[in-house]
Structure formats: structure tokens, C-alpha cells
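Peer 1: Provided herewith: target-v8.txt, compact mmCIF, C-alpha atoms.
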```txt
# COMPACT_ATOMS: atom_id res chain seq x y z
CA MET A 300 16.36 -12.84 25.47
CA LYS A 301 17.10 -14.23 22.02
CA ILE A 302 15.44 -17.52 22.96
CA ASN A 303 12.27 -15.66 24.05
CA ILE A 304 12.15 -13.71 20.76
CA GLN A 305 12.63 -16.92 18.77
CA ASN A 306 9.89 -18.65 20.78
CA LYS A 307 7.50 -15.72 20.15
CA LYS A 308 8.19 -15.85 16.41
CA LYS A 309 7.70 -19.62 16.39
CA ASN A 310 4.42 -19.30 18.33
CA LYS A 311 3.18 -16.63 15.91
CA ARG A 312 3.90 -18.89 12.94
CA ILE A 313 2.04 -21.78 14.60
CA ILE A 314 -0.95 -19.54 15.39
CA LYS A 315 -1.01 -18.25 11.79
CA ILE A 316 -0.95 -21.79 10.41
CA LEU A 317 -3.73 -22.86 12.81
CA SER A 318 -5.76 -19.76 11.89
CA VAL A 319 -5.48 -20.46 8.15
CA SER A 320 -6.31 -24.14 8.74
CA PHE A 321 -9.37 -23.17 10.79
CA TRP A 322 -10.81 -20.94 8.07
CA LEU A 323 -10.07 -23.51 5.36
CA PHE A 324 -11.97 -26.04 7.46
CA ILE A 325 -14.93 -23.62 7.78
CA TRP A 326 -14.84 -23.10 4.01
CA PHE A 327 -14.82 -26.87 3.46
CA VAL A 328 -17.74 -27.41 5.86
CA LEU A 329 -19.84 -24.65 4.28
CA SER A 330 -19.19 -25.95 0.76
CA SER A 331 -20.20 -29.45 1.91
CA ILE A 332 -23.43 -28.15 3.48
CA ILE A 333 -24.38 -26.01 0.46
CA ASN A 334 -23.22 -28.76 -1.94
CA MET A 335 -23.46 -26.49 -4.99
CA GLU A 336 -20.22 -25.65 -6.78
CA ILE A 337 -21.77 -22.68 -8.56
CA ILE A 338 -22.33 -21.02 -5.17
CA LEU A 339 -19.35 -22.20 -3.11
CA PRO A 340 -16.87 -24.77 -4.43
CA SER A 341 -14.68 -26.64 -1.97
CA PRO A 342 -11.03 -25.63 -1.32
CA TYR A 343 -9.94 -28.85 -3.03
CA LYS A 344 -11.87 -27.98 -6.22
CA VAL A 345 -10.40 -24.45 -6.24
CA VAL A 346 -6.85 -25.80 -5.87
CA ILE A 347 -7.42 -28.29 -8.71
CA THR A 348 -8.79 -25.49 -10.90
CA LEU A 349 -5.80 -23.32 -10.05
CA LEU A 350 -3.42 -26.12 -11.04
CA GLU A 351 -5.29 -26.60 -14.30
CA LEU A 352 -5.04 -22.89 -15.06
CA SER A 353 -1.33 -22.79 -14.18
CA ILE A 354 -0.36 -25.14 -17.03
CA LYS A 355 -1.76 -22.71 -19.59
CA LYS A 356 0.49 -20.11 -21.23
CA ASP A 357 -2.16 -17.37 -21.07
CA PHE A 358 -2.35 -17.78 -17.28
CA TRP A 359 1.25 -16.63 -16.83
CA ILE A 360 0.99 -13.95 -19.52
CA SER A 361 -2.05 -12.49 -17.73
CA ILE A 362 -0.21 -12.45 -14.41
CA LEU A 363 2.89 -10.86 -15.98
CA LEU A 364 0.97 -8.12 -17.81
CA SER A 365 -1.32 -7.27 -14.88
CA SER A 366 1.58 -7.27 -12.41
CA SER A 367 3.74 -5.05 -14.61
CA ARG A 368 0.97 -2.46 -15.03
CA ILE A 369 0.14 -2.35 -11.33
CA ILE A 370 3.82 -2.15 -10.33
CA ILE A 371 4.36 0.74 -12.78
CA GLY A 372 1.40 2.56 -11.21
CA PHE A 373 2.78 1.91 -7.72
CA LEU A 374 6.31 3.10 -8.58
CA LEU A 375 4.96 6.27 -10.21
CA ALA A 376 2.83 6.92 -7.10
CA LEU A 377 5.87 6.39 -4.88
CA ILE A 378 8.07 8.82 -6.83
CA VAL A 379 5.42 11.52 -7.37
CA GLY A 380 4.10 11.23 -3.78
CA ILE A 381 7.58 11.73 -2.27
CA ILE A 382 8.39 14.69 -4.55
CA MET A 383 5.05 16.38 -3.84
CA ALA A 384 5.46 15.86 -0.09
CA ILE A 385 8.90 17.52 -0.17
CA ILE A 386 7.56 20.47 -2.17
CA SER A 387 4.54 20.84 0.17
CA CYS A 388 6.79 20.99 3.24
CA ASN A 389 8.78 23.81 1.65
CA LEU A 390 5.97 25.77 -0.06
CA TRP A 391 2.81 26.25 2.01
CA VAL A 392 0.95 27.67 -1.01
CA PHE A 393 1.57 24.43 -2.94
CA GLU A 394 0.47 22.38 0.09
CA THR A 395 -2.78 24.36 0.40
CA ILE A 396 -3.56 23.92 -3.30
CA ILE A 397 -2.66 20.22 -3.50
CA ASP A 398 -4.42 19.15 -0.27
CA VAL A 399 -7.85 19.65 -1.89
CA PRO A 400 -7.42 17.10 -4.75
CA MET A 401 -5.64 14.72 -2.35
CA LYS A 402 -8.66 14.68 -0.04
CA LEU A 403 -11.03 14.30 -3.00
CA ILE A 404 -9.07 11.30 -4.31
CA LYS A 405 -9.23 9.65 -0.88
CA VAL A 406 -13.01 9.91 -0.54
CA THR A 407 -14.01 9.24 -4.18
CA PRO A 408 -15.03 5.60 -4.86
CA ILE A 409 -12.70 3.54 -7.07
CA ALA A 410 -15.56 2.75 -9.46
CA SER A 411 -16.13 6.47 -10.15
CA PHE A 412 -12.46 6.97 -11.01
CA VAL A 413 -12.44 3.91 -13.25
CA ILE A 414 -15.51 5.01 -15.22
CA LEU A 415 -14.14 8.54 -15.66
CA ALA A 416 -10.65 7.27 -16.52
CA LEU A 417 -12.08 5.11 -19.32
CA LEU A 418 -12.82 8.39 -21.12
CA TRP A 419 -9.15 9.41 -20.94
CA VAL A 420 -7.05 6.27 -21.32
CA LYS A 421 -7.21 2.90 -23.06
CA GLY A 422 -8.45 -0.11 -21.12
CA LYS A 423 -5.02 -1.74 -20.96
CA ASN A 424 -3.50 1.35 -19.29
CA LEU A 425 -6.40 1.88 -16.90
CA SER A 426 -4.89 -0.17 -14.07
CA VAL A 427 -1.70 1.94 -14.21
CA LEU A 428 -3.65 5.18 -13.75
CA ILE A 429 -6.00 3.84 -11.06
CA SER A 430 -3.17 2.21 -9.08
CA PHE A 431 -1.29 5.50 -9.25
CA LEU A 432 -4.28 7.57 -8.11
CA MET A 433 -5.14 5.27 -5.20
CA VAL A 434 -1.60 4.99 -3.81
CA MET A 435 -0.13 8.45 -4.42
CA PRO A 436 -2.19 10.27 -1.70
CA ILE A 437 -1.15 7.62 0.85
CA ILE A 438 2.55 8.09 0.03
CA TYR A 439 2.17 11.88 -0.06
CA THR A 440 0.38 12.12 3.31
CA ASN A 441 2.73 9.78 5.16
CA VAL A 442 5.98 11.25 3.80
CA LYS A 443 4.73 14.78 4.53
CA GLU A 444 3.91 13.69 8.08
CA GLY A 445 7.39 12.18 8.43
CA ILE A 446 9.06 15.41 7.31
CA LYS A 447 6.90 17.60 9.56
CA THR A 448 7.45 15.45 12.66
CA THR A 449 11.25 15.49 12.29
CA ASP A 450 12.84 16.41 15.63
CA ALA A 451 13.09 20.22 15.65
CA LYS A 452 15.84 20.14 18.29
CA LEU A 453 18.06 17.95 16.11
CA LEU A 454 17.51 20.29 13.17
CA GLU A 455 18.34 23.33 15.30
CA MET A 456 21.49 21.67 16.60
CA ALA A 457 22.52 20.77 13.05
CA ARG A 458 22.12 24.40 11.99
CA MET A 459 24.08 25.65 15.00
CA PHE A 460 27.00 23.39 14.13
CA LYS A 461 26.63 24.34 10.44
CA ILE A 462 26.26 20.74 9.30
CA LYS A 463 25.91 20.36 5.52
CA LYS A 464 22.37 20.07 4.15
CA ILE A 465 23.10 16.71 2.54
CA ASN A 466 24.12 15.32 5.96
CA ILE A 467 21.01 16.80 7.58
CA ILE A 468 18.89 15.02 4.97
CA ASN A 469 20.79 11.72 5.31
CA LYS A 470 21.09 11.60 9.09
CA ILE A 471 17.97 13.43 10.34
CA TYR A 472 15.22 13.69 7.74
CA ILE A 473 15.47 10.24 6.15
CA PRO A 474 15.50 8.29 9.47
CA SER A 475 12.42 10.32 10.47
CA ILE A 476 10.62 9.66 7.18
CA MET A 477 11.41 5.93 6.82
CA PRO A 478 8.88 4.54 9.39
CA HIS A 479 6.12 6.63 7.78
CA LEU A 480 7.21 5.56 4.29
CA SER A 481 7.32 1.88 5.29
CA SER A 482 3.78 2.14 6.65
CA ALA A 483 2.59 3.92 3.50
CA ILE A 484 4.15 1.27 1.25
CA THR A 485 2.55 -1.58 3.22
CA VAL A 486 -0.93 0.00 3.08
CA GLY A 487 -0.42 1.31 -0.46
CA LEU A 488 0.48 -2.06 -1.96
CA GLY A 489 -2.80 -3.55 -0.75
CA PHE A 490 -4.81 -0.67 -2.23
CA CYS A 491 -2.70 -0.82 -5.38
CA TRP A 492 -3.64 -4.44 -6.16
CA LYS A 493 -7.29 -4.08 -5.20
CA SER A 494 -7.80 -0.94 -7.28
CA GLY A 495 -5.67 -2.20 -10.19
CA ILE A 496 -7.61 -5.45 -10.54
CA ALA A 497 -10.92 -3.62 -10.09
CA ALA A 498 -9.89 -1.33 -12.97
CA GLU A 499 -9.11 -4.36 -15.15
CA VAL A 500 -12.47 -5.96 -14.37
CA ILE A 501 -14.22 -2.80 -15.62
CA GLY A 502 -11.79 -1.92 -18.42
CA ILE A 503 -11.47 -5.59 -19.50
CA PRO A 504 -8.05 -5.47 -21.18
CA LYS A 505 -7.36 -8.82 -22.86
CA LYS A 506 -4.79 -11.17 -21.30
CA SER A 507 -5.09 -9.72 -17.81
CA ILE A 508 -6.20 -11.04 -14.43
CA GLY A 509 -9.23 -8.71 -14.48
CA PHE A 510 -10.29 -9.99 -17.90
CA ASN A 511 -10.10 -13.61 -16.71
CA LEU A 512 -12.10 -12.75 -13.59
CA TYR A 513 -14.76 -11.05 -15.68
CA GLU A 514 -14.95 -13.97 -18.13
CA ALA A 515 -15.27 -16.45 -15.28
CA LYS A 516 -17.96 -14.36 -13.62
CA ILE A 517 -20.23 -13.90 -16.66
CA ASN A 518 -19.95 -17.63 -17.43
CA LEU A 519 -20.81 -18.52 -13.80
CA MET A 520 -17.46 -20.32 -13.38
CA THR A 521 -17.21 -19.90 -9.61
CA LYS A 522 -14.19 -22.20 -9.27
CA GLU A 523 -12.25 -20.06 -11.74
CA VAL A 524 -13.33 -16.84 -9.99
CA MET A 525 -12.06 -18.15 -6.65
CA ALA A 526 -8.89 -19.57 -8.23
CA TRP A 527 -8.03 -16.16 -9.74
CA THR A 528 -8.86 -14.53 -6.41
CA VAL A 529 -6.33 -16.84 -4.72
CA VAL A 530 -3.78 -15.83 -7.38
CA ILE A 531 -4.37 -12.12 -6.64
CA ILE A 532 -3.93 -12.69 -2.90
CA ILE A 533 -0.71 -14.68 -3.38
CA ILE A 534 0.82 -12.13 -5.77
CA SER A 535 -0.19 -9.22 -3.53
CA ILE A 536 1.37 -10.82 -0.44
CA PHE A 537 4.49 -11.77 -2.41
CA PHE A 538 5.10 -8.24 -3.69
CA GLU A 539 4.35 -6.77 -0.27
CA LYS A 540 6.98 -9.01 1.33
CA VAL A 541 9.55 -8.28 -1.41
CA VAL A 542 9.07 -4.50 -1.30
CA PHE A 543 9.03 -4.42 2.51
CA PHE A 544 12.24 -6.52 2.59
CA ILE A 545 13.97 -4.13 0.15
CA VAL A 546 12.83 -1.05 2.11
CA GLU A 547 13.97 -2.51 5.45
CA ARG A 548 17.36 -3.54 4.05
CA TRP A 549 17.81 -0.10 2.55
CA ARG A 550 16.78 1.57 5.83
CA ILE A 551 19.21 -0.52 7.92
CA LYS A 552 22.01 0.07 5.43
CA TRP A 553 21.30 3.83 5.45
CA ILE A 554 21.37 3.97 9.27
CA ASN A 555 24.66 2.07 9.45
CA THR A 556 26.43 4.29 6.88
```
Please express the file's structure as C-alpha cells.
Peer 2:
Amino acid sequence: MKINIQNKKKNKRIIKILSVSFWLFIWFVLSSIINMEIILPSPYKVVITLLELSIKKDFWISILLSSSRIIIGFLLALIVGIIMAIISCNLWVFETIIDVPMKLIKVTPIASFVILALLWVKGKNLSVLISFLMVMPIIYTNVKEGIKTTDAKLLEMARMFKIKKINIINKIYIPSIMPHLSSAITVGLGFCWKSGIAAEVIGIPKKSIGFNLYEAKINLMTKEVMAWTVVIIIISIFFEKVVFFIVERWRIKWINT
């Protein structure tokens, strides 16, 4: 059984590598056919540009500042979303009132939020607010769903045996919420980075990834645009893996205690 699982994991890795290689090859072929760097530079040129950018101090400062703002927005969304979900499941009036803005946030385009938010906050803090607004409804909805779908029979049995509330939360509610929360975090992180960088591109705070993307775009520096795009993808995947690893470790530890 273990051998089969290991073989499946190995096969998945091989398929992923082949898939990435295939699309890189397509990119290379298209860039060769077009033969215009301003439209589509080759993967090699983008990698060289990325290496050239990476030796500059401002490159790392931009990554650090953008990452910190987006992470702050994500953490705020995580905390507020969980708290609001708990309140909603205990107060139906609060749930009815809060569901309206949650639905509005979900359907409103990011660009509209960014333009409106520029009237309220400074450009450098814009990505914090937008990241928060885009992720919080996802956390709220999923955690609320996790609480509401908790096994009613287990809860009834816990009440019959007069189990302490703290134990009910630890042993029944949290295991029920965790799969929903894990899913929300995975989806939310992707939205968080997309919306945060989009906010920076419009707000243009200096020494940020969005600012560098904007500068590269208006100067028709396609290699730099694609290099920064690669940076965004790498950072997004990295943080997703780190956060998911922490959540899974915490979940396993919680179950075993």
C-alpha cells in the first residue's frame, strides 16, 4: 500500500515537471515565431532579466514591503472572518445583517474597490485593505459553513453527557471547521496576492512589486513585466505552501491531543 502511494506521488511529480516543460517549450516556440521581445520575450531572456533584477537592493526591498502588506491583510481577514463567522452562527440577526455586505464584496470588481479605497487610505496601505476585503468573505463563508455542518448527533451526545464547552469546541467544532478553513486559506491566498498586487499597480506605492510592474509596463519593458510576474507567482506559491503546511501540522497536532 505504501509503495503504491509513493509511486502515485512520484508519478504526479513527473507529470507536473513534464507539464511545466511542455508549456515552457510552447512559450519558447511562440517567442521564436513572433521574434519580437516587446511582444513576447523568450523564457531565457525573462530568466536573465530576473537574475539581473535580483542583484539589486530595491528588488528585495520591493518584495519585502509588498509581501508584508499583503500578509497583514490576509492575517486580518483570517482573524476577522473567523470571529464574524462565530458570531453569525450564534446571532441570526447579525448573520442576516452581515450577509448583505459579504455578498456585495464578492460580486464587486477589484478595480472598483481599489478606486474607492484610494479616497480613504494612502497608496502604500491600499494593498492591505484590498487583500483584507477580498479574503475576509471567503474565510467567513467557509468557517460559517464548517460550524453549521458540525455533526448534530455528536453535539447532542456531548450535551447529554454534560461535556465541558471547551472540550466540545476542541473535539467537535474545530475538527469540523478545519477542512473548510484549509480550503478557504488555499483559495484566499491566491485572491490575496492577485488583489494586493492589482491594488499596488493602481495605487503605485514606491518600492513595491506593483510599482515596478507599472514602471515596466509604461516603459514597454516586457521582459521586466514578465520577470516580476514570475516573482509574484513564486512568492504566492511559496506562501501558500508555508501556510498550508502550518495549518496541516496544527490540525494533526490538535487531533492527536
Peer 1: Near stretch 531-546 of chain A, counting all atoms listed in the file, which residues have an atom at most 12 Å away, once you skip same-chain residues fewer than 5 positions from it, shown as JSON, numbers by chain?
Peer 2: {"A": [349, 359, 361, 362, 363, 365, 366, 367, 369, 370, 373, 374, 377, 477, 478, 479, 480, 481, 482, 483, 484, 485, 486, 487, 488, 489, 490, 491, 492, 493, 494, 495, 496, 497, 507, 508, 509, 511, 512, 524, 525, 526, 551, 552, 553]}
Peer 1: Which polymer residues have any atom within 12 Å of an atom of A:Lys344, counting all atoms listed in the file, with same-chain residues fewer than 6 positions away left out, as a PyMOL selection string?
Peer 2: chain A and resi 326-327+330-331+335-337+350-351+520-526
Peer 1: Write a file of the just-selected residues containing C-alpha atoms, as an mmCIF file, in the frame of the given file.
Peer 2:
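Here's the written file result.cif:
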```cif
data_model
loop_
_atom_site.group_PDB
_atom_site.id
_atom_site.type_symbol
_atom_site.label_atom_id
_atom_site.label_comp_id
_atom_site.auth_asym_id
_atom_site.auth_seq_id
_atom_site.Cartn_x
_atom_site.Cartn_y
_atom_site.Cartn_z
ATOM 1 C CA TRP A 326 -14.840 -23.100 4.010
ATOM 2 C CA PHE A 327 -14.820 -26.870 3.460
ATOM 3 C CA SER A 330 -19.190 -25.950 0.760
ATOM 4 C CA SER A 331 -20.200 -29.450 1.910
ATOM 5 C CA MET A 335 -23.460 -26.490 -4.990
ATOM 6 C CA GLU A 336 -20.220 -25.650 -6.780
ATOM 7 C CA ILE A 337 -21.770 -22.680 -8.560
ATOM 8 C CA LEU A 350 -3.420 -26.120 -11.040
ATOM 9 C CA GLU A 351 -5.290 -26.600 -14.300
ATOM 10 C CA MET A 520 -17.460 -20.320 -13.380
ATOM 11 C CA THR A 521 -17.210 -19.900 -9.610
ATOM 12 C CA LYS A 522 -14.190 -22.200 -9.270
ATOM 13 C CA GLU A 523 -12.250 -20.060 -11.740
ATOM 14 C CA VAL A 524 -13.330 -16.840 -9.990
ATOM 15 C CA MET A 525 -12.060 -18.150 -6.650
ATOM 16 C CA ALA A 526 -8.890 -19.570 -8.230
#
```
Peer 1: In Å, how far is it from atom CA of A:Cys388 to atom CA of A:Lys443?
Peer 2: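 That distance, rounded to one decimal, is 6.7 Å.
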Peer 1: What is the atom CA of A:Asn334 to atom CA of A:Leu352 distance in Å?
Peer 2: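 These atoms are spaced 23.2 Å apart.
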Peer 1: Would you mind telling me which residue in A:Ala515, A:Lys355, A:Phe431, A:Gly502 lies nearest to A:Leu418 when using only C-alpha atoms?
Peer 2: A:Gly502
Peer 1: Can you work out the spacing between atom CA of A:Leu390 and atom CA of A:Thr407 in Å, to one decimal?
Peer 2: 26.3 Å
Peer 1: Quick one: axis-aligned box around all listed atoms of stretch 508-513 of chain A, 4 Å on every side, centre and edge lengths in Å to one decimal, written as JSON.
Peer 2:
```
{"center_x": -10.5, "center_y": -11.2, "center_z": -15.7, "size_x": 16.6, "size_y": 12.9, "size_z": 12.3}
```
Peer 1: Between A:Ser387, A:Ser430, A:Asn424, A:Ser411, which one has atoms that come closest to A:Lys447, using all atoms listed in the file?
Peer 2: A:Ser387
